[in-house]
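Colleague: So I've got this file, protein_22.txt, and it contains compact mmCIF, C-alpha atoms and all ligand atoms:
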```
# COMPACT_ATOMS: atom_id res chain seq x y z
CA MET A 7 -17.46 -26.99 19.83
CA THR A 8 -21.03 -26.09 20.79
CA LEU A 9 -22.16 -23.24 18.61
CA PRO A 10 -23.83 -20.26 20.27
CA ALA A 11 -27.50 -19.90 19.35
CA HIS A 12 -27.07 -16.25 18.42
CA ALA A 13 -24.20 -13.91 17.55
CA LEU A 14 -23.64 -10.30 16.53
CA GLN A 15 -23.79 -9.02 12.97
CA LEU A 16 -23.43 -5.49 11.53
CA ARG A 17 -26.28 -4.45 9.25
CA SER A 18 -27.24 -1.42 7.19
CA ARG A 19 -30.76 -0.26 6.34
CA ILE A 20 -32.18 2.77 4.53
CA GLY A 21 -35.84 3.57 5.21
CA ASP A 22 -38.40 5.32 3.01
CA ASP A 23 -37.76 8.39 5.19
CA ALA A 24 -34.17 8.58 3.77
CA ARG A 25 -32.75 7.69 7.18
CA LEU A 26 -29.82 5.24 7.06
CA GLU A 27 -29.26 3.08 10.12
CA VAL A 28 -26.15 0.99 10.74
CA SER A 29 -26.77 -1.33 13.65
CA LEU A 30 -25.37 -4.30 15.50
CA VAL A 31 -28.00 -7.02 15.80
CA GLU A 32 -28.20 -10.56 17.16
CA VAL A 33 -28.79 -13.15 14.44
CA PRO A 34 -29.11 -16.94 14.70
CA VAL A 35 -25.93 -18.95 14.13
CA VAL A 36 -26.87 -21.41 11.38
CA ALA A 37 -25.81 -25.05 11.86
CA PRO A 38 -23.92 -26.40 8.82
CA GLN A 39 -25.46 -28.54 6.09
CA PRO A 40 -23.31 -31.55 5.02
CA ASP A 41 -21.33 -29.41 2.55
CA GLU A 42 -21.00 -26.35 4.81
CA VAL A 43 -18.72 -25.06 7.55
CA VAL A 44 -19.17 -22.49 10.31
CA ILE A 45 -16.39 -19.90 10.49
CA ARG A 46 -15.68 -17.96 13.67
CA VAL A 47 -14.82 -14.72 11.88
CA GLU A 48 -11.65 -13.13 13.28
CA ALA A 49 -10.70 -10.54 10.65
CA ALA A 50 -12.49 -8.72 7.83
CA PRO A 51 -11.25 -5.62 5.98
CA VAL A 52 -13.29 -2.47 5.38
CA ASN A 53 -12.90 -2.05 1.62
CA PRO A 54 -14.32 0.89 -0.37
CA SER A 55 -17.00 -1.47 -1.76
CA ASP A 56 -18.08 -2.35 1.80
CA LEU A 57 -18.36 1.35 2.64
CA GLY A 58 -20.67 1.78 -0.32
CA LEU A 59 -23.11 -0.71 1.19
CA LEU A 60 -22.54 0.27 4.82
CA PHE A 61 -23.18 4.00 4.49
CA GLY A 62 -24.55 4.20 0.97
CA ALA A 63 -24.76 7.79 -0.10
CA ALA A 64 -25.53 9.04 3.42
CA ASP A 65 -24.28 12.47 4.47
CA LEU A 66 -21.91 11.58 7.30
CA SER A 67 -22.00 15.14 8.67
CA THR A 68 -25.53 14.23 9.90
CA LEU A 69 -24.31 11.12 11.78
CA VAL A 70 -25.91 10.58 15.18
CA ALA A 71 -25.10 7.81 17.67
CA GLY A 72 -27.94 5.60 18.92
CA PRO A 73 -30.49 4.36 19.71
CA GLY A 74 -28.73 1.39 21.32
CA LEU A 75 -26.04 -0.24 19.23
CA SER A 76 -26.67 1.85 16.13
CA VAL A 77 -25.83 5.06 14.30
CA THR A 78 -28.06 6.96 11.90
CA ALA A 79 -27.47 9.48 9.11
CA GLN A 80 -29.57 11.16 6.45
CA VAL A 81 -29.36 10.25 2.77
CA PRO A 82 -29.64 13.44 0.66
CA ALA A 83 -32.75 13.53 -1.56
CA ALA A 84 -30.59 13.64 -4.69
CA ALA A 85 -28.96 10.34 -3.73
CA MET A 86 -32.20 8.45 -3.02
CA PRO A 87 -32.87 7.20 -6.61
CA ALA A 88 -29.56 5.32 -6.58
CA VAL A 89 -30.52 3.38 -3.43
CA ARG A 90 -34.16 2.70 -4.30
CA GLY A 91 -33.46 -1.01 -4.80
CA ARG A 92 -32.43 -1.49 -1.16
CA LEU A 93 -35.06 0.60 0.66
CA GLY A 94 -36.46 -1.10 3.74
CA GLN A 95 -34.03 -4.03 3.58
CA SER A 96 -31.66 -4.74 6.46
CA LEU A 97 -28.43 -5.75 4.67
CA ALA A 98 -25.48 -7.61 6.18
CA VAL A 99 -22.11 -6.12 5.22
CA GLY A 100 -18.51 -7.24 4.70
CA ASN A 101 -17.50 -8.89 1.41
CA GLU A 102 -14.57 -10.94 2.66
CA GLY A 103 -12.73 -12.11 5.75
CA ALA A 104 -11.04 -14.99 7.51
CA GLY A 105 -11.38 -17.06 10.65
CA THR A 106 -11.34 -20.51 12.19
CA VAL A 107 -13.68 -23.31 11.12
CA VAL A 108 -15.41 -24.32 14.36
CA ALA A 109 -18.08 -26.68 12.97
CA ALA A 110 -18.34 -28.67 9.76
CA GLY A 111 -20.93 -30.72 7.89
CA SER A 112 -20.46 -34.41 7.26
CA ASP A 113 -19.00 -34.16 3.73
CA PRO A 114 -15.26 -34.89 3.58
CA VAL A 115 -14.55 -31.51 1.96
CA ALA A 116 -16.18 -29.78 4.94
CA GLN A 117 -14.59 -32.06 7.56
CA ALA A 118 -11.15 -31.38 6.08
CA LEU A 119 -11.49 -27.71 7.07
CA LEU A 120 -12.37 -28.30 10.73
CA GLY A 121 -9.95 -26.36 12.95
CA ARG A 122 -8.25 -24.70 9.96
CA THR A 123 -8.02 -20.97 9.24
CA VAL A 124 -9.89 -20.19 6.04
CA ALA A 125 -10.57 -17.07 4.00
CA VAL A 126 -13.84 -16.57 2.20
CA MET A 127 -15.61 -13.97 0.06
CA ALA A 128 -19.17 -14.82 1.04
CA GLY A 129 -20.63 -11.47 2.15
CA ALA A 130 -21.98 -10.72 5.67
CA MET A 131 -18.46 -11.06 7.09
CA TYR A 132 -18.95 -8.34 9.74
CA SER A 133 -20.47 -11.17 11.80
CA GLN A 134 -19.13 -13.17 14.69
CA TYR A 135 -20.00 -16.46 12.94
CA ARG A 136 -20.65 -17.20 9.29
CA THR A 137 -21.97 -20.44 7.78
CA VAL A 138 -20.65 -20.92 4.23
CA ARG A 139 -20.14 -23.61 1.59
CA ALA A 140 -16.91 -25.47 2.33
CA ALA A 141 -16.01 -25.30 -1.36
CA ASP A 142 -15.97 -21.50 -1.14
CA GLY A 143 -13.35 -21.45 1.63
CA LEU A 144 -9.70 -20.86 0.83
CA CYS A 145 -7.70 -22.94 3.31
CA LEU A 146 -4.68 -20.96 4.53
CA PRO A 147 -1.32 -22.57 5.32
CA PRO A 148 -1.09 -23.74 8.97
CA GLY A 149 -0.01 -20.92 11.28
CA THR A 150 -1.36 -18.11 9.06
CA PRO A 151 -3.11 -15.55 11.29
CA ALA A 152 -6.64 -14.68 10.18
CA ALA A 153 -5.56 -11.03 9.83
CA ALA A 154 -3.00 -12.02 7.18
CA GLY A 155 -5.65 -13.84 5.14
CA ALA A 156 -8.57 -11.46 5.61
CA SER A 157 -8.03 -9.66 2.28
CA CYS A 158 -7.30 -12.75 0.16
CA PHE A 159 -9.98 -12.16 -2.43
CA VAL A 160 -11.15 -8.66 -3.35
CA ASN A 161 -7.90 -6.79 -3.97
CA PRO A 162 -5.54 -9.68 -4.88
CA LEU A 163 -7.94 -11.22 -7.40
CA THR A 164 -8.67 -7.78 -8.83
CA ALA A 165 -4.96 -7.05 -9.34
CA LEU A 166 -4.53 -10.46 -10.97
CA GLY A 167 -7.73 -9.91 -12.96
CA MET A 168 -6.38 -6.64 -14.35
CA ILE A 169 -3.30 -8.40 -15.69
CA GLU A 170 -5.39 -11.27 -17.10
CA THR A 171 -7.68 -8.72 -18.78
CA MET A 172 -4.70 -6.81 -20.18
CA ARG A 173 -3.30 -9.99 -21.75
CA ARG A 174 -6.63 -11.35 -23.03
CA GLU A 175 -7.41 -8.03 -24.72
CA GLY A 176 -3.97 -7.76 -26.33
CA HIS A 177 -2.42 -4.87 -24.38
CA ARG A 178 1.14 -4.74 -23.07
CA ALA A 179 1.20 -2.07 -20.35
CA ILE A 180 -1.29 -0.69 -17.82
CA VAL A 181 -2.38 2.72 -16.52
CA HIS A 182 -3.78 2.69 -12.97
CA THR A 183 -5.38 5.52 -10.97
CA ALA A 184 -5.63 5.99 -7.19
CA ALA A 185 -2.47 3.94 -7.52
CA ALA A 186 -1.16 4.29 -3.95
CA SER A 187 -4.13 2.27 -2.64
CA ASN A 188 -3.68 -1.18 -1.11
CA LEU A 189 -4.70 -2.59 -4.47
CA GLY A 190 -2.40 -0.19 -6.32
CA GLN A 191 0.60 -1.33 -4.31
CA MET A 192 -0.29 -4.98 -5.02
CA LEU A 193 -0.60 -4.26 -8.73
CA LEU A 194 2.78 -2.51 -8.65
CA ARG A 195 4.44 -5.56 -7.05
CA LEU A 196 2.75 -7.88 -9.57
CA CYS A 197 3.81 -5.74 -12.52
CA GLN A 198 7.36 -5.60 -11.19
CA ALA A 199 7.41 -9.41 -10.85
CA GLU A 200 5.99 -9.91 -14.35
CA ARG A 201 7.97 -7.08 -16.00
CA ILE A 202 4.84 -5.25 -17.10
CA GLU A 203 5.16 -1.48 -17.47
CA LEU A 204 2.76 0.41 -15.19
CA VAL A 205 1.80 4.09 -15.25
CA ALA A 206 0.68 4.91 -11.70
CA ILE A 207 -1.51 8.01 -11.31
CA VAL A 208 -1.84 9.45 -7.80
CA ARG A 209 -3.18 12.72 -6.47
CA SER A 210 -0.48 14.03 -4.12
CA PRO A 211 3.32 14.38 -3.96
CA ALA A 212 3.33 12.18 -0.83
CA GLN A 213 1.66 9.31 -2.70
CA ALA A 214 4.06 9.78 -5.63
CA ALA A 215 7.03 9.59 -3.24
CA LEU A 216 5.56 6.47 -1.61
CA LEU A 217 5.23 4.63 -4.92
CA ARG A 218 8.70 5.72 -6.08
CA SER A 219 10.13 4.39 -2.80
CA LEU A 220 8.55 1.04 -3.75
CA GLY A 221 10.34 1.10 -7.08
CA ALA A 222 7.61 2.48 -9.38
CA GLN A 223 9.12 3.88 -12.60
CA HIS A 224 6.26 5.88 -14.11
CA VAL A 225 4.43 7.85 -11.41
CA VAL A 226 2.26 10.83 -12.36
CA ASP A 227 0.72 13.23 -9.84
CA SER A 228 -2.66 14.65 -10.92
CA SER A 229 -2.30 17.54 -8.45
CA SER A 230 0.74 18.84 -10.34
CA PRO A 231 0.26 21.75 -12.79
CA THR A 232 2.19 19.70 -15.37
CA PHE A 233 0.06 16.57 -14.89
CA ARG A 234 -1.11 16.25 -18.49
CA GLU A 235 2.40 16.71 -19.93
CA ALA A 236 3.79 14.16 -17.46
CA LEU A 237 1.00 11.72 -18.31
CA ALA A 238 1.72 12.13 -22.04
CA ALA A 239 5.42 11.45 -21.41
CA ALA A 240 4.64 8.31 -19.35
CA LEU A 241 2.31 7.03 -22.07
CA ALA A 242 4.90 7.77 -24.76
CA ALA A 243 7.44 5.75 -22.76
CA THR A 244 5.20 2.76 -22.02
CA ARG A 245 2.64 2.81 -24.88
CA ALA A 246 0.04 1.50 -22.45
CA THR A 247 -3.36 1.12 -24.13
CA ILE A 248 -5.46 -0.15 -21.20
CA ALA A 249 -6.30 1.75 -18.01
CA PHE A 250 -8.10 0.81 -14.80
CA ASP A 251 -9.61 3.89 -13.18
CA ALA A 252 -10.84 3.68 -9.58
CA ILE A 253 -11.92 7.33 -9.50
CA GLY A 254 -14.77 7.17 -12.02
CA GLY A 255 -16.01 10.74 -11.74
CA GLY A 256 -14.52 13.76 -13.50
CA ARG A 257 -12.24 13.90 -16.55
CA MET A 258 -9.55 11.35 -15.68
CA ALA A 259 -10.68 8.80 -18.31
CA GLU A 260 -10.59 11.54 -20.96
CA HIS A 261 -7.10 12.69 -19.93
CA ILE A 262 -5.83 9.10 -20.16
CA LEU A 263 -7.37 8.50 -23.61
CA VAL A 264 -5.96 11.79 -24.92
CA ALA A 265 -2.46 10.87 -23.69
CA MET A 266 -2.74 7.32 -25.11
CA GLU A 267 -3.78 8.61 -28.53
CA ALA A 268 -0.98 11.19 -28.58
CA ALA A 269 1.54 8.45 -27.75
CA LEU A 270 0.27 6.25 -30.60
CA ALA A 271 0.04 8.92 -33.30
CA ASP A 272 2.83 8.68 -35.86
CA PRO A 273 3.88 12.22 -36.88
CA ALA A 274 5.32 10.83 -40.12
CA ALA A 275 2.05 9.15 -41.17
CA PRO A 276 -0.54 10.96 -43.34
CA TYR A 277 -3.13 12.87 -41.30
CA SER A 278 -6.35 10.98 -40.51
CA ARG A 279 -9.32 12.78 -39.02
CA TYR A 280 -10.37 9.41 -37.53
CA GLY A 281 -7.29 9.11 -35.33
CA THR A 282 -5.16 6.00 -34.92
CA ALA A 283 -6.57 2.51 -35.47
CA VAL A 284 -5.20 1.16 -32.18
CA HIS A 285 -7.90 0.42 -29.62
CA LYS A 286 -7.55 2.22 -26.32
CA GLN A 287 -9.59 1.01 -23.34
CA VAL A 288 -10.37 2.61 -19.99
CA TYR A 289 -12.17 0.47 -17.42
CA LEU A 290 -13.91 2.33 -14.59
CA TYR A 291 -13.63 -0.14 -11.73
CA GLY A 292 -14.29 2.13 -8.74
CA GLY A 293 -16.35 5.15 -7.75
CA LEU A 294 -14.05 7.11 -5.45
CA ASP A 295 -15.45 10.24 -7.09
CA THR A 296 -19.21 9.73 -7.35
CA GLY A 297 -19.70 12.68 -9.71
CA PRO A 298 -20.43 12.29 -13.45
CA THR A 299 -17.78 10.83 -15.75
CA GLU A 300 -16.96 13.67 -18.18
CA ILE A 301 -15.50 12.84 -21.57
CA ARG A 302 -14.76 15.46 -24.25
CA ARG A 303 -13.75 13.40 -27.27
CA SER A 304 -10.56 14.32 -29.08
CA PHE A 305 -8.83 10.97 -29.49
CA GLY A 306 -10.24 9.41 -32.65
CA PHE A 307 -12.67 6.50 -32.70
CA ALA A 308 -10.71 3.46 -31.57
CA TRP A 309 -11.51 3.59 -27.88
CA GLY A 310 -13.85 2.30 -25.23
CA VAL A 311 -14.86 3.22 -21.70
CA GLY A 312 -16.65 0.56 -19.67
CA GLY A 313 -17.12 -0.95 -16.26
CA TRP A 314 -14.98 -3.68 -14.75
CA LEU A 315 -16.14 -5.74 -11.77
CA LEU A 316 -14.30 -8.57 -10.06
CA PHE A 317 -17.44 -10.68 -9.63
CA THR A 318 -18.22 -10.56 -13.36
CA PHE A 319 -14.61 -11.37 -14.21
CA LEU A 320 -14.64 -14.37 -11.85
CA GLN A 321 -17.94 -15.69 -13.24
CA ARG A 322 -16.39 -15.82 -16.73
CA LEU A 323 -13.17 -17.43 -15.56
CA PRO A 324 -12.79 -21.19 -16.18
CA PRO A 325 -12.59 -23.06 -12.81
CA GLN A 326 -9.00 -24.18 -13.40
CA ASP A 327 -7.91 -20.56 -13.98
CA LEU A 328 -9.66 -19.43 -10.80
CA ALA A 329 -7.89 -22.19 -8.85
CA ARG A 330 -4.57 -21.04 -10.34
CA LEU A 331 -5.16 -17.42 -9.32
CA LYS A 332 -6.25 -18.39 -5.78
CA GLN A 333 -3.10 -20.49 -5.36
CA ARG A 334 -0.99 -17.50 -6.44
CA VAL A 335 -2.67 -15.41 -3.74
CA VAL A 336 -1.95 -18.01 -1.05
CA ASP A 337 1.67 -18.29 -2.22
CA GLY A 338 2.13 -14.50 -2.07
CA LEU A 339 0.08 -13.78 1.04
CA HIS A 340 2.99 -12.23 2.96
CA THR A 341 4.68 -10.60 -0.04
CA THR A 342 2.93 -9.59 -3.28
CA PHE A 343 -0.58 -9.74 -1.84
CA ALA A 344 0.10 -8.45 1.68
CA SER A 345 -2.43 -5.84 2.88
CA ALA A 346 -1.67 -3.12 5.44
CA TYR A 347 -4.13 -1.83 8.04
CA ALA A 348 -3.96 1.37 10.07
CA ARG A 349 -5.95 -0.15 12.92
CA THR A 350 -8.22 -2.98 14.05
CA VAL A 351 -11.68 -2.29 15.45
CA SER A 352 -14.36 -4.45 17.07
CA LEU A 353 -17.92 -4.70 15.72
CA ARG A 354 -18.97 -2.16 18.37
CA GLY A 355 -15.97 -0.01 17.40
CA MET A 356 -17.35 0.14 13.84
CA LEU A 357 -20.17 2.31 15.26
CA GLU A 358 -17.92 4.88 16.94
CA PRO A 359 -18.02 8.23 15.11
CA ALA A 360 -14.21 8.64 15.24
CA ALA A 361 -13.70 5.20 13.71
CA ILE A 362 -16.35 5.87 11.06
CA ALA A 363 -14.62 9.13 10.10
CA ALA A 364 -11.32 7.26 9.80
CA TYR A 365 -12.47 4.35 7.65
CA ALA A 366 -14.93 6.39 5.56
CA ALA A 367 -12.05 8.65 4.48
CA ARG A 368 -10.74 5.93 2.09
CA ALA A 369 -7.31 7.55 2.52
CA THR A 370 -3.97 6.04 1.55
CA GLY A 371 -2.69 3.80 4.34
CA ALA A 372 -5.86 4.21 6.43
CA LYS A 373 -7.54 0.85 5.80
CA VAL A 374 -9.31 -0.64 8.83
CA LEU A 375 -9.60 -4.30 9.83
CA VAL A 376 -12.64 -5.53 11.77
CA ASP A 377 -12.15 -8.20 14.44
CA PRO A 378 -15.66 -9.47 15.25
CA GLN A 379 -14.34 -11.45 18.24
CA ALA A 380 -12.84 -8.35 19.91
CA GLY A 381 -14.47 -6.31 22.62
N1 LIG B 401 -14.40 -3.20 -9.48
C1 LIG B 401 -13.94 -4.09 -8.64
O1 LIG B 401 -14.27 -5.27 -8.76
C2 LIG B 401 -13.03 -3.67 -7.52
C3 LIG B 401 -12.40 -4.66 -6.76
C4 LIG B 401 -11.50 -4.25 -5.77
C5 LIG B 401 -11.28 -2.89 -5.53
N2 LIG B 401 -11.96 -1.97 -6.27
C6 LIG B 401 -11.71 -0.53 -6.08
O2 LIG B 401 -10.31 -0.32 -5.96
C7 LIG B 401 -10.08 0.91 -5.31
C8 LIG B 401 -8.95 0.75 -4.32
O3 LIG B 401 -9.36 -0.11 -3.26
P1 LIG B 401 -8.40 -0.28 -1.98
O4 LIG B 401 -9.08 -1.20 -1.03
O5 LIG B 401 -7.05 -0.62 -2.42
O6 LIG B 401 -8.44 1.22 -1.41
P2 LIG B 401 -7.63 1.92 -0.20
O7 LIG B 401 -6.44 1.13 0.16
O8 LIG B 401 -8.64 2.24 0.84
O9 LIG B 401 -7.12 3.28 -0.89
C9 LIG B 401 -8.00 4.19 -1.44
C10 LIG B 401 -7.17 5.14 -2.33
O10 LIG B 401 -8.05 5.95 -3.09
C11 LIG B 401 -7.56 7.27 -3.07
N3 LIG B 401 -8.72 8.16 -3.24
C12 LIG B 401 -9.80 8.28 -2.42
N4 LIG B 401 -10.69 9.13 -2.96
C13 LIG B 401 -10.15 9.55 -4.14
C14 LIG B 401 -10.59 10.43 -5.16
N5 LIG B 401 -11.77 11.07 -5.08
N6 LIG B 401 -9.76 10.65 -6.23
C15 LIG B 401 -8.59 10.01 -6.34
N7 LIG B 401 -8.11 9.16 -5.40
C16 LIG B 401 -8.90 8.92 -4.32
C17 LIG B 401 -6.89 7.44 -1.73
O11 LIG B 401 -5.95 8.47 -1.82
P3 LIG B 401 -5.94 9.73 -0.76
O12 LIG B 401 -5.00 9.33 0.33
O13 LIG B 401 -5.48 10.87 -1.58
O14 LIG B 401 -7.37 9.90 -0.28
C18 LIG B 401 -6.25 6.06 -1.56
O15 LIG B 401 -4.97 6.00 -2.16
C19 LIG B 401 -11.42 1.32 -4.71
O16 LIG B 401 -12.02 2.32 -5.51
C20 LIG B 401 -12.26 0.04 -4.79
O17 LIG B 401 -13.64 0.29 -4.86
C21 LIG B 401 -12.82 -2.33 -7.26
```
Can you give me the file's structure in the form of structure tokens?
Ligand SMILES: NC(=O)c1ccc[n+]([C@@H]2O[C@H](COP(=O)([O-])OP(=O)(O)OC[C@H]3O[C@@H](n4cnc5c(N)ncnc54)[C@H](OP(=O)(O)O)[C@@H]3O)[C@@H](O)[C@H]2O)c1
Modeller:
Amino acid sequence: MTLPAHALQLRSRIGDDARLEVSLVEVPVVAPQPDEVVIRVEAAPVNPSDLGLLFGAADLSTLVAGPGLSVTAQVPAAAMPAVRGRLGQSLAVGNEGAGTVVAAGSDPVAQALLGRTVAVMAGAMYSQYRTVRAADGLCLPPGTPAAAGASCFVNPLTALGMIETMRREGHRAIVHTAAASNLGQMLLRLCQAERIELVAIVRSPAQAALLRSLGAQHVVDSSSPTFREALAAALAATRATIAFDAIGGGRMAEHILVAMEAALADPAAPYSRYGTAVHKQVYLYGGLDTGPTEIRRSFGFAWGVGGWLLFTFLQRLPPQDLARLKQRVVDGLHTTFASAYARTVSLRGMLEPAAIAAYAARATGAKVLVDPQAG
């Protein structure tokens, strides 16, 4: 196939004037080096981490369409320090996606992918064409639509990474927040398959009902007036000592640690003002609530709160373990690791205010898929 000289790409830029611009621009299509392939991108999900880069901390109530193929919005002054590192840079967006390899370098590993549908987590995936290292592509079984493989990396490897982390750090059960998310439903299916007890925290009765309909045993609704009692009961039943919190802001980490400590305390043991000796760990792995993390300590001293990021986890993973996890994702693409999308939009559609409102909501069941070849 003759590659086009230029193709469309979605980019995000914040200027010194605190104006954020998301625009569709023409960029050169890069011919492959011997070890590279060119992917015609056909599907890429809009994940919460993509939204963070796309719209940063902009106030979407100030969104204005234009000029041309762009939208602009103001970044509040209070949010500017957090985006200082990206000021003036036009950044390509889209962590992961899938498509057809339409050109390949001369290396056998690249040639082997020609004509195949591959998934990749290479960044800049809201592009019509993407040139990437062949070794980074995950070759999907013949006949797999790009849409089915678009979310092969971020959420599946994170769900698997949570279980790996749980085991490596010596825990036996997991607490998960924002648990009705795409990722939360994957983690639920994985835990069911591996017989790992999971405490799923959600924030509405509808999400609780959804997870129970999928077979979840320990579902706790943070909007309920009896949330903390229900959380304590779920922790007493499972004795989970590791939590992955996607919310980040507010007191959720504290509530989890308090419930964990209460579940571990032995009423028959002599009182210790230092609490139990069992380590309890909360990993903040998302920022759905961008407010401060508030922790009032009342759970002894054997605890930790830290960050957890897929990219860091993958960097530390031995290559053979990464290959094993990727193979599990491919094997479970239509079952354990299936993602659901509320709608598919074109690159131009990504700039429509109604679409932006829909995907920026980060609501349960509202995930959007981008098809850069559409429209
Ligand atoms: N650290 C990492 O490496 C890593 C990797 C992958 C994913 N993640 C994180 O994993 C999370 C889930 O991703 P996803 O793609 O599965 O998301 P998703 O399918 O878009 O679902 C988002 C979920 O978050 C809930 N939510 C939104 N704002 C919330 C808030 N302020 N408090 C509590 N719940 C809130 C939504 O519930 P409602 O319907 O109630 O709004 C919805 O269930 C995201 O935070 C993402 O950033 C992190």
Colleague: Kindly give the distance, in Å, that separates CA of Tyr132 (chain A) and CA of Val160 (chain A), rounded to a single decimal.
Modeller: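 Going from CA of Tyr132 (chain A) over to CA of Val160 (chain A), I get 15.2 Å.
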Colleague: Just the residues within 9 Å of region 208-223 of chain A, please, counting only C-alpha atoms, with nothing from its chain fewer than 4 positions along; format it as a list in words.
Modeller: His182, Thr183, Ala184, Ala185, Ala186, Gln191, Leu194, Arg195, Gln198, Glu203, Leu204, Asp227, Ser228, Ser229, Ser230 and Thr370 of chain A
Colleague: To one decimal place, how far is CA of Thr342 (chain A) from CA of Ala154 (chain A) in Å?
Modeller: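 Between these atoms lies a distance of 12.3 Å.
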Colleague: For a quick check of understanding, using only C-alpha atoms, which of A:Leu146, A:Ala140, A:Leu353, A:Ala156 has the smallest distance to Ser112 (chain A)?
Modeller: A:Ala140
Colleague: Mind dumping a table of every chain A residue within 6 Å of ligand LIG 401 (chain B), with the nearest atom pair and its distance in Å to one decimal, using all atoms listed in the file, sorted by chain and rising number, as a Markdown table?
Modeller:
```
| residue | atom | partner | partner_atom | distance |
| --- | --- | --- | --- | --- |
| A:Asn53 | CA | B:LIG401 | O4 | 4.7 |
| A:Pro54 | CA | B:LIG401 | O17 | 4.6 |
| A:Ser55 | CA | B:LIG401 | O17 | 4.9 |
| A:Val160 | CA | B:LIG401 | C4 | 5.0 |
| A:Asn161 | CA | B:LIG401 | C4 | 4.8 |
| A:Thr164 | CA | B:LIG401 | C3 | 5.3 |
| A:Ala184 | CA | B:LIG401 | N7 | 4.4 |
| A:Ala186 | CA | B:LIG401 | O15 | 4.5 |
| A:Ser187 | CA | B:LIG401 | O9 | 3.6 |
| A:Asn188 | CA | B:LIG401 | O5 | 3.7 |
| A:Leu189 | CA | B:LIG401 | O5 | 3.7 |
| A:Arg209 | CA | B:LIG401 | O13 | 5.7 |
| A:Ala252 | CA | B:LIG401 | O16 | 4.5 |
| A:Ile253 | CA | B:LIG401 | N6 | 5.1 |
| A:Tyr291 | CA | B:LIG401 | N1 | 3.9 |
| A:Gly292 | CA | B:LIG401 | O16 | 4.0 |
| A:Gly293 | CA | B:LIG401 | O16 | 5.6 |
| A:Leu294 | CA | B:LIG401 | N5 | 4.6 |
| A:Asp295 | CA | B:LIG401 | N5 | 4.3 |
| A:Trp314 | CA | B:LIG401 | N1 | 5.3 |
| A:Leu315 | CA | B:LIG401 | O1 | 3.6 |
| A:Leu316 | CA | B:LIG401 | O1 | 3.5 |
| A:Arg368 | CA | B:LIG401 | O8 | 4.4 |
| A:Ala369 | CA | B:LIG401 | O12 | 3.6 |
| A:Thr370 | CA | B:LIG401 | O12 | 3.7 |
| A:Lys373 | CA | B:LIG401 | O8 | 5.3 |
```
Colleague: Could you check the closest approach to Met356 (chain A) for each of A:Pro378, A:Gly338, A:Gly143, A:Pro87 and tell me which residue wins, using only C-alpha atoms?
Modeller: A:Pro378
Colleague: Find, counting only C-alpha atoms, the residue in A:His177, A:Ala50, A:Val124, A:Leu196 that gets nearest to Thr244 (chain A).
Modeller: A:His177
Colleague: Generate the missing atoms of region 238-249 of chain A up to N, CA and C atoms and report them as a tab-separated table (two decimals), keeping the file's coordinate frame.
Modeller:
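Final output, part.tsv:
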```tsv
chain	number	residue	atom	x	y	z
A	238	ALA	N	1.38	12.39	-20.62
A	238	ALA	CA	1.72	12.13	-22.04
A	238	ALA	C	3.11	11.51	-22.15
A	239	ALA	N	4.05	12.00	-21.36
A	239	ALA	CA	5.42	11.45	-21.41
A	239	ALA	C	5.44	10.00	-20.94
A	240	ALA	N	4.68	9.70	-19.88
A	240	ALA	CA	4.64	8.31	-19.35
A	240	ALA	C	3.99	7.38	-20.36
A	241	LEU	N	2.98	7.87	-21.06
A	241	LEU	CA	2.31	7.03	-22.07
A	241	LEU	C	3.22	6.84	-23.29
A	242	ALA	N	3.97	7.90	-23.64
A	242	ALA	CA	4.90	7.77	-24.76
A	242	ALA	C	5.97	6.72	-24.43
A	243	ALA	N	6.38	6.69	-23.15
A	243	ALA	CA	7.44	5.75	-22.76
A	243	ALA	C	6.93	4.32	-22.68
A	244	THR	N	5.69	4.13	-22.27
A	244	THR	CA	5.20	2.76	-22.02
A	244	THR	C	4.30	2.24	-23.13
A	245	ARG	N	3.65	3.16	-23.86
A	245	ARG	CA	2.64	2.81	-24.88
A	245	ARG	C	1.54	1.92	-24.31
A	246	ALA	N	1.16	2.22	-23.06
A	246	ALA	CA	0.04	1.50	-22.45
A	246	ALA	C	-1.24	1.85	-23.18
A	247	THR	N	-2.09	0.86	-23.43
A	247	THR	CA	-3.36	1.12	-24.13
A	247	THR	C	-4.56	0.62	-23.33
A	248	ILE	N	-4.33	0.23	-22.07
A	248	ILE	CA	-5.46	-0.15	-21.20
A	248	ILE	C	-5.26	0.55	-19.86
A	249	ALA	N	-6.37	1.06	-19.30
A	249	ALA	CA	-6.30	1.75	-18.01
A	249	ALA	C	-7.40	1.23	-17.11
```
